[in-house]
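Okay, so here's the structure we're looking at.
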Amino acid sequence: HSSDQLIERATAIAKEGRKKTVAVAAAQDADVIDAVSQAQADGFVDGVLIGDAEAIRKLSDENEVNIDRLELVDFKDVGQAAHHAAKLASEKKADVIMKGFLPTSTLLRAVLDKQYGLRGENTLSHCAVLDIPGYHKLLNFTDGGMVVRPDSEMKFQILENAVLVARALGLSPVKVAVSAAVNVVSDKMPHTVDDTKQLIPRAKEKFSDIVIEGPMTFDVATSREAADSYAVGGPVAGDADIFLVDSIEECNIVAKSLIQFAEAVFAGVIVGAKTPVSLVSRTDTVKNKKASLAIACVLADYYSQNDIWGEGDK
């Protein structure tokens, strides 16, 4: 599984007659416009650009991006643009919402507005799915974008959201490493006690298709060699699909370091609402933004094909 395969999978879904539509909130961002235009040219998505139409046209002209085949909806106010994106999703006219040039909080306030019925049962969490040079598969870091310091219940919901993403990517069993600075339970790190006594047993009971182990350091989770040198056995060590962390800072620092210095390709998606939200940071490359769009399309397809939200064909 590489980031290119994410795009290939999204393209295959479209070719099977289930092409997704993305609603971009506040689309006046050159890289976002470019990513959506390229994704449409690749054939895996149709796009609705919602935002300041004049600014969007100007940016597309300046950057020589063709937006002729994208729908353009004029909303100068970013809050109104976010609400229009949520409205399209609630009316099943969009399958994915993508963040443009607006604060994440403004976008999510609209997505969670009760009038649109897009709330799921779980807390919203961010999955940063990285294609890291030197690692043999995609690795999902969570949560480095939404929940600052999850309590035990929230951490379980973050895990559940990440498992949904893994299933959408066709993984089984899903290998989960529960992060810590050490590979043994330590009273000095209370979350290792909590994870071992509560989170891990509960996860094993609820999910039949996962293997979850921890506490586990990042090197052990991703390197069999490191695991052997620390004498850590088991199927997750050196082969993790999900790296579940204890704080937003930990996840943010690790993921951004890999993106910045190791040139990892990043696909970011917010999970927990009935419509996946493709969340990209303003510094992301067009390739990262396209990968984030692809993973959101793959996830949206998994939701509808498996009726995850119990809505049938409504």
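We label chains A, B, ... in the order they appear in the structure tokens, count residues from 1 in each chain, and number ligands from 1 in the order shown.
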
Extract, using only C-alpha atoms, all DNA, RNA and protein residues at most 12 Å from A:Arg9, discarding same-chain residues fewer than 5 positions from it, and format them as a PyMOL selection string. chain A and resi 1-4+14-16+18-19+42-45+168-170+291+293-299+301-302

Can you tell me, as number ranges by chain, what residues are no more than 8 Å from A:Ala180 when counting only C-alpha atoms, ignoring any on the same chain fewer than 3 positions away? A: 183, 192, 214-218, 245-246

Save out the residues we just selected, all heavy atoms, as a PDB file, in the first residue's frame.
ATOM      1  N   ASN A 183       8.808   0.085  26.388  1.00  0.00           N
ATOM      2  CA  ASN A 183       8.089  -1.102  25.922  1.00  0.00           C
ATOM      3  C   ASN A 183       7.532  -1.955  27.055  1.00  0.00           C
ATOM      4  O   ASN A 183       7.126  -3.096  26.833  1.00  0.00           O
ATOM      5  CB  ASN A 183       9.014  -1.951  25.036  1.00  0.00           C
ATOM      6  CG  ASN A 183       9.384  -1.220  23.754  1.00  0.00           C
ATOM      7  OD1 ASN A 183       8.521  -0.916  22.940  1.00  0.00           O
ATOM      8  ND2 ASN A 183      10.665  -0.909  23.586  1.00  0.00           N
ATOM      9  N   THR A 192       0.331   4.035  30.318  1.00  0.00           N
ATOM     10  CA  THR A 192       0.703   2.651  29.968  1.00  0.00           C
ATOM     11  C   THR A 192      -0.104   1.661  30.817  1.00  0.00           C
ATOM     12  O   THR A 192      -0.471   0.590  30.342  1.00  0.00           O
ATOM     13  CB  THR A 192       2.216   2.389  30.165  1.00  0.00           C
ATOM     14  OG1 THR A 192       2.572   2.564  31.541  1.00  0.00           O
ATOM     15  CG2 THR A 192       3.069   3.296  29.288  1.00  0.00           C
ATOM     16  N   GLY A 214       0.967  -3.236  23.143  1.00  0.00           N
ATOM     17  CA  GLY A 214       1.577  -2.046  23.721  1.00  0.00           C
ATOM     18  C   GLY A 214       1.799  -2.258  25.202  1.00  0.00           C
ATOM     19  O   GLY A 214       1.358  -3.267  25.750  1.00  0.00           O
ATOM     20  N   PRO A 215       2.494  -1.338  25.863  1.00  0.00           N
ATOM     21  CA  PRO A 215       3.114  -0.145  25.286  1.00  0.00           C
ATOM     22  C   PRO A 215       4.239  -0.501  24.321  1.00  0.00           C
ATOM     23  O   PRO A 215       4.920  -1.510  24.499  1.00  0.00           O
ATOM     24  CB  PRO A 215       3.653   0.593  26.523  1.00  0.00           C
ATOM     25  CG  PRO A 215       3.797  -0.456  27.579  1.00  0.00           C
ATOM     26  CD  PRO A 215       2.753  -1.471  27.321  1.00  0.00           C
ATOM     27  N   MET A 216       4.404   0.355  23.307  1.00  0.00           N
ATOM     28  CA  MET A 216       5.410   0.072  22.282  1.00  0.00           C
ATOM     29  C   MET A 216       6.012   1.378  21.763  1.00  0.00           C
ATOM     30  O   MET A 216       5.286   2.312  21.432  1.00  0.00           O
ATOM     31  CB  MET A 216       4.755  -0.703  21.124  1.00  0.00           C
ATOM     32  CG  MET A 216       5.752  -1.353  20.185  1.00  0.00           C
ATOM     33  SD  MET A 216       4.933  -2.345  18.907  1.00  0.00           S
ATOM     34  CE  MET A 216       4.494  -3.830  19.822  1.00  0.00           C
ATOM     35  N   THR A 217       7.334   1.419  21.701  1.00  0.00           N
ATOM     36  CA  THR A 217       8.001   2.614  21.174  1.00  0.00           C
ATOM     37  C   THR A 217       7.901   2.633  19.653  1.00  0.00           C
ATOM     38  O   THR A 217       7.684   1.597  19.019  1.00  0.00           O
ATOM     39  CB  THR A 217       9.485   2.637  21.588  1.00  0.00           C
ATOM     40  OG1 THR A 217      10.105   1.436  21.117  1.00  0.00           O
ATOM     41  CG2 THR A 217       9.651   2.738  23.096  1.00  0.00           C
ATOM     42  N   PHE A 218       8.107   3.815  19.087  1.00  0.00           N
ATOM     43  CA  PHE A 218       7.949   3.978  17.645  1.00  0.00           C
ATOM     44  C   PHE A 218       8.934   3.112  16.852  1.00  0.00           C
ATOM     45  O   PHE A 218       8.574   2.499  15.852  1.00  0.00           O
ATOM     46  CB  PHE A 218       8.110   5.460  17.263  1.00  0.00           C
ATOM     47  CG  PHE A 218       7.916   5.714  15.795  1.00  0.00           C
ATOM     48  CD1 PHE A 218       6.688   5.467  15.189  1.00  0.00           C
ATOM     49  CD2 PHE A 218       8.954   6.178  15.005  1.00  0.00           C
ATOM     50  CE1 PHE A 218       6.505   5.681  13.832  1.00  0.00           C
ATOM     51  CE2 PHE A 218       8.783   6.402  13.641  1.00  0.00           C
ATOM     52  CZ  PHE A 218       7.554   6.153  13.059  1.00  0.00           C
ATOM     53  N   VAL A 245      -1.402   7.148  19.597  1.00  0.00           N
ATOM     54  CA  VAL A 245      -0.610   7.925  20.556  1.00  0.00           C
ATOM     55  C   VAL A 245      -1.457   8.414  21.726  1.00  0.00           C
ATOM     56  O   VAL A 245      -2.678   8.268  21.722  1.00  0.00           O
ATOM     57  CB  VAL A 245       0.069   9.133  19.879  1.00  0.00           C
ATOM     58  CG1 VAL A 245       0.879   8.696  18.671  1.00  0.00           C
ATOM     59  CG2 VAL A 245      -0.963  10.182  19.486  1.00  0.00           C
ATOM     60  N   ASP A 246      -0.770   9.038  22.689  1.00  0.00           N
ATOM     61  CA  ASP A 246      -1.460   9.489  23.894  1.00  0.00           C
ATOM     62  C   ASP A 246      -1.709  10.996  23.922  1.00  0.00           C
ATOM     63  O   ASP A 246      -2.476  11.467  24.742  1.00  0.00           O
ATOM     64  CB  ASP A 246      -0.659   9.073  25.135  1.00  0.00           C
ATOM     65  CG  ASP A 246      -1.524   9.083  26.390  1.00  0.00           C
ATOM     66  OD1 ASP A 246      -2.562   8.395  26.380  1.00  0.00           O
ATOM     67  OD2 ASP A 246      -1.188   9.798  27.349  1.00  0.00           O
TER      68      ASP A 246
END

Option closest in space to A:Ser292, from A:Val96, A:Ile13, A:Cys251, A:Leu258 [counting only C-alpha atoms]: A:Val96

Proximity to A:Ile33 - best of A:Ala12, A:Asp68, A:Ile7, A:Phe243, only C-alpha atoms: A:Asp68

Counting only C-alpha atoms, the residue among A:Gln198, A:Asp239, A:His136, A:Ser247 that lies closest to A:Ser179 is A:Ser247

I want to know what sits within 9 Å of stretch 114-117 of chain A, based on only C-alpha atoms, with residues of the same chain fewer than 3 positions away left out; could you give that as number ranges by chain? A: 83, 86-87, 89-91, 110-111, 120, 274

Residue selection dump (N, CA and C atoms) as a PDB file, in the first residue's frame:
ATOM      1  N   HIS A  83     -20.789  25.939   5.549  1.00  0.00           N
ATOM      2  CA  HIS A  83     -22.161  25.453   5.725  1.00  0.00           C
ATOM      3  C   HIS A  83     -22.726  24.899   4.414  1.00  0.00           C
ATOM      4  N   ALA A  86     -21.360  21.420   3.966  1.00  0.00           N
ATOM      5  CA  ALA A  86     -22.053  20.479   4.858  1.00  0.00           C
ATOM      6  C   ALA A  86     -23.460  20.177   4.336  1.00  0.00           C
ATOM      7  N   LYS A  87     -24.114  21.205   3.808  1.00  0.00           N
ATOM      8  CA  LYS A  87     -25.463  21.033   3.260  1.00  0.00           C
ATOM      9  C   LYS A  87     -25.439  20.065   2.064  1.00  0.00           C
ATOM     10  N   ALA A  89     -23.294  17.728   1.518  1.00  0.00           N
ATOM     11  CA  ALA A  89     -23.043  16.376   2.040  1.00  0.00           C
ATOM     12  C   ALA A  89     -24.322  15.793   2.634  1.00  0.00           C
ATOM     13  N   SER A  90     -25.070  16.618   3.356  1.00  0.00           N
ATOM     14  CA  SER A  90     -26.294  16.112   3.996  1.00  0.00           C
ATOM     15  C   SER A  90     -27.353  15.754   2.955  1.00  0.00           C
ATOM     16  N   GLU A  91     -27.307  16.433   1.814  1.00  0.00           N
ATOM     17  CA  GLU A  91     -28.271  16.142   0.728  1.00  0.00           C
ATOM     18  C   GLU A  91     -27.760  15.057  -0.220  1.00  0.00           C
ATOM     19  N   ALA A 110     -19.477  23.717  11.134  1.00  0.00           N
ATOM     20  CA  ALA A 110     -20.534  23.502  10.131  1.00  0.00           C
ATOM     21  C   ALA A 110     -20.854  22.017   9.979  1.00  0.00           C
ATOM     22  N   VAL A 111     -19.800  21.182   9.901  1.00  0.00           N
ATOM     23  CA  VAL A 111     -19.999  19.727   9.727  1.00  0.00           C
ATOM     24  C   VAL A 111     -20.798  19.148  10.898  1.00  0.00           C
ATOM     25  N   GLY A 120     -21.505  11.442  13.663  1.00  0.00           N
ATOM     26  CA  GLY A 120     -21.509  10.007  13.947  1.00  0.00           C
ATOM     27  C   GLY A 120     -21.626   9.824  15.459  1.00  0.00           C
ATOM     28  N   LYS A 274     -20.295  11.370   9.337  1.00  0.00           N
ATOM     29  CA  LYS A 274     -20.801  10.457   8.298  1.00  0.00           C
ATOM     30  C   LYS A 274     -20.185  10.749   6.934  1.00  0.00           C
TER      31      LYS A 274
END

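Rounded to one decimal, atom CA of A:Ile270 and atom CA of A:Val73 lie 23.6 Å from each other.
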
From A:Gln28, A:Asn122, A:Thr21, A:Thr104, residue lying nearest A:Glu71 [only C-alpha atoms]: A:Thr21

If you run DSSP on the backbone, which residues of stretch 179-283 of chain A are strand (DSSP E), as number ranges by chain? A: 179, 210-216, 242-244, 265-271, 277-278

Contacts of stretch 56-64 of chain A at 9 Å (only C-alpha atoms; same-chain gap of 5+ positions) as JSON, numbers by chain: {"A": [27, 28, 29, 30, 33, 34, 49, 51, 72]}

Would you export the selected residues with all heavy atoms as an mmCIF file, in the first residue's frame, please?
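What follows is the written file again_5.cif:
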data_model
loop_
_atom_site.group_PDB
_atom_site.id
_atom_site.type_symbol
_atom_site.label_atom_id
_atom_site.label_comp_id
_atom_site.auth_asym_id
_atom_site.auth_seq_id
_atom_site.Cartn_x
_atom_site.Cartn_y
_atom_site.Cartn_z
ATOM 1 N N ALA A 27 -12.625 27.460 -1.235
ATOM 2 C CA ALA A 27 -11.689 26.857 -2.202
ATOM 3 C C ALA A 27 -10.652 27.833 -2.763
ATOM 4 O O ALA A 27 -9.924 27.483 -3.683
ATOM 5 C CB ALA A 27 -12.484 26.226 -3.343
ATOM 6 N N GLN A 28 -10.560 29.032 -2.188
ATOM 7 C CA GLN A 28 -9.586 30.014 -2.702
ATOM 8 C C GLN A 28 -8.173 29.711 -2.182
ATOM 9 O O GLN A 28 -7.593 30.447 -1.407
ATOM 10 C CB GLN A 28 -10.014 31.460 -2.377
ATOM 11 C CG GLN A 28 -10.375 31.756 -0.932
ATOM 12 C CD GLN A 28 -11.837 31.483 -0.625
ATOM 13 O OE1 GLN A 28 -12.511 30.729 -1.318
ATOM 14 N NE2 GLN A 28 -12.347 32.096 0.422
ATOM 15 N N ASP A 29 -7.649 28.574 -2.617
ATOM 16 C CA ASP A 29 -6.305 28.130 -2.240
ATOM 17 C C ASP A 29 -5.724 27.435 -3.473
ATOM 18 O O ASP A 29 -6.281 26.447 -3.948
ATOM 19 C CB ASP A 29 -6.413 27.168 -1.049
ATOM 20 C CG ASP A 29 -5.085 26.538 -0.672
ATOM 21 O OD1 ASP A 29 -4.466 25.898 -1.544
ATOM 22 O OD2 ASP A 29 -4.674 26.641 0.498
ATOM 23 N N ALA A 30 -4.618 27.953 -3.980
ATOM 24 C CA ALA A 30 -4.071 27.478 -5.262
ATOM 25 C C ALA A 30 -3.793 25.976 -5.260
ATOM 26 O O ALA A 30 -4.151 25.267 -6.208
ATOM 27 C CB ALA A 30 -2.802 28.256 -5.599
ATOM 28 N N ILE A 33 -7.076 23.916 -5.265
ATOM 29 C CA ILE A 33 -7.687 23.952 -6.600
ATOM 30 C C ILE A 33 -6.926 23.001 -7.540
ATOM 31 O O ILE A 33 -7.520 22.216 -8.280
ATOM 32 C CB ILE A 33 -7.684 25.384 -7.186
ATOM 33 C CG1 ILE A 33 -8.499 26.336 -6.314
ATOM 34 C CG2 ILE A 33 -8.236 25.394 -8.614
ATOM 35 C CD1 ILE A 33 -8.289 27.816 -6.631
ATOM 36 N N ASP A 34 -5.594 23.081 -7.467
ATOM 37 C CA ASP A 34 -4.749 22.241 -8.324
ATOM 38 C C ASP A 34 -4.975 20.756 -8.030
ATOM 39 O O ASP A 34 -5.122 19.936 -8.943
ATOM 40 C CB ASP A 34 -3.270 22.615 -8.102
ATOM 41 C CG ASP A 34 -2.376 22.105 -9.228
ATOM 42 O OD1 ASP A 34 -2.906 21.580 -10.227
ATOM 43 O OD2 ASP A 34 -1.146 22.235 -9.114
ATOM 44 N N LEU A 49 -16.275 23.633 -6.138
ATOM 45 C CA LEU A 49 -15.449 24.620 -5.448
ATOM 46 C C LEU A 49 -16.367 25.690 -4.860
ATOM 47 O O LEU A 49 -17.041 26.415 -5.597
ATOM 48 C CB LEU A 49 -14.447 25.261 -6.418
ATOM 49 C CG LEU A 49 -13.510 24.315 -7.175
ATOM 50 C CD1 LEU A 49 -12.620 25.103 -8.135
ATOM 51 C CD2 LEU A 49 -12.650 23.499 -6.209
ATOM 52 N N GLY A 51 -16.700 29.040 -2.570
ATOM 53 C CA GLY A 51 -15.885 30.103 -1.983
ATOM 54 C C GLY A 51 -15.969 31.371 -2.803
ATOM 55 O O GLY A 51 -16.933 31.589 -3.547
ATOM 56 N N LEU A 72 -18.537 25.750 -9.717
ATOM 57 C CA LEU A 72 -18.094 26.877 -8.895
ATOM 58 C C LEU A 72 -19.312 27.497 -8.212
ATOM 59 O O LEU A 72 -20.289 27.845 -8.880
ATOM 60 C CB LEU A 72 -17.387 27.894 -9.792
ATOM 61 C CG LEU A 72 -16.518 28.974 -9.189
ATOM 62 C CD1 LEU A 72 -15.489 28.389 -8.232
ATOM 63 C CD2 LEU A 72 -15.794 29.747 -10.285
#

Selected residue of minimal separation from A:Asn161 among A:Val32, A:Ile212, A:Leu244, A:Val265, counting only C-alpha atoms: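 Ranked by minimum distance to A:Asn161, first place goes to A:Leu244.
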
List every residue of stretch 77-292 of chain A that DSSP, applied to the backbone of this structure, places in alpha helix (DSSP H), and write the result as an MDAnalysis selection string. chainID A and resid 78:90 104:111 152:168 190:194 200:206 218:222 224:229 248:261 286:292
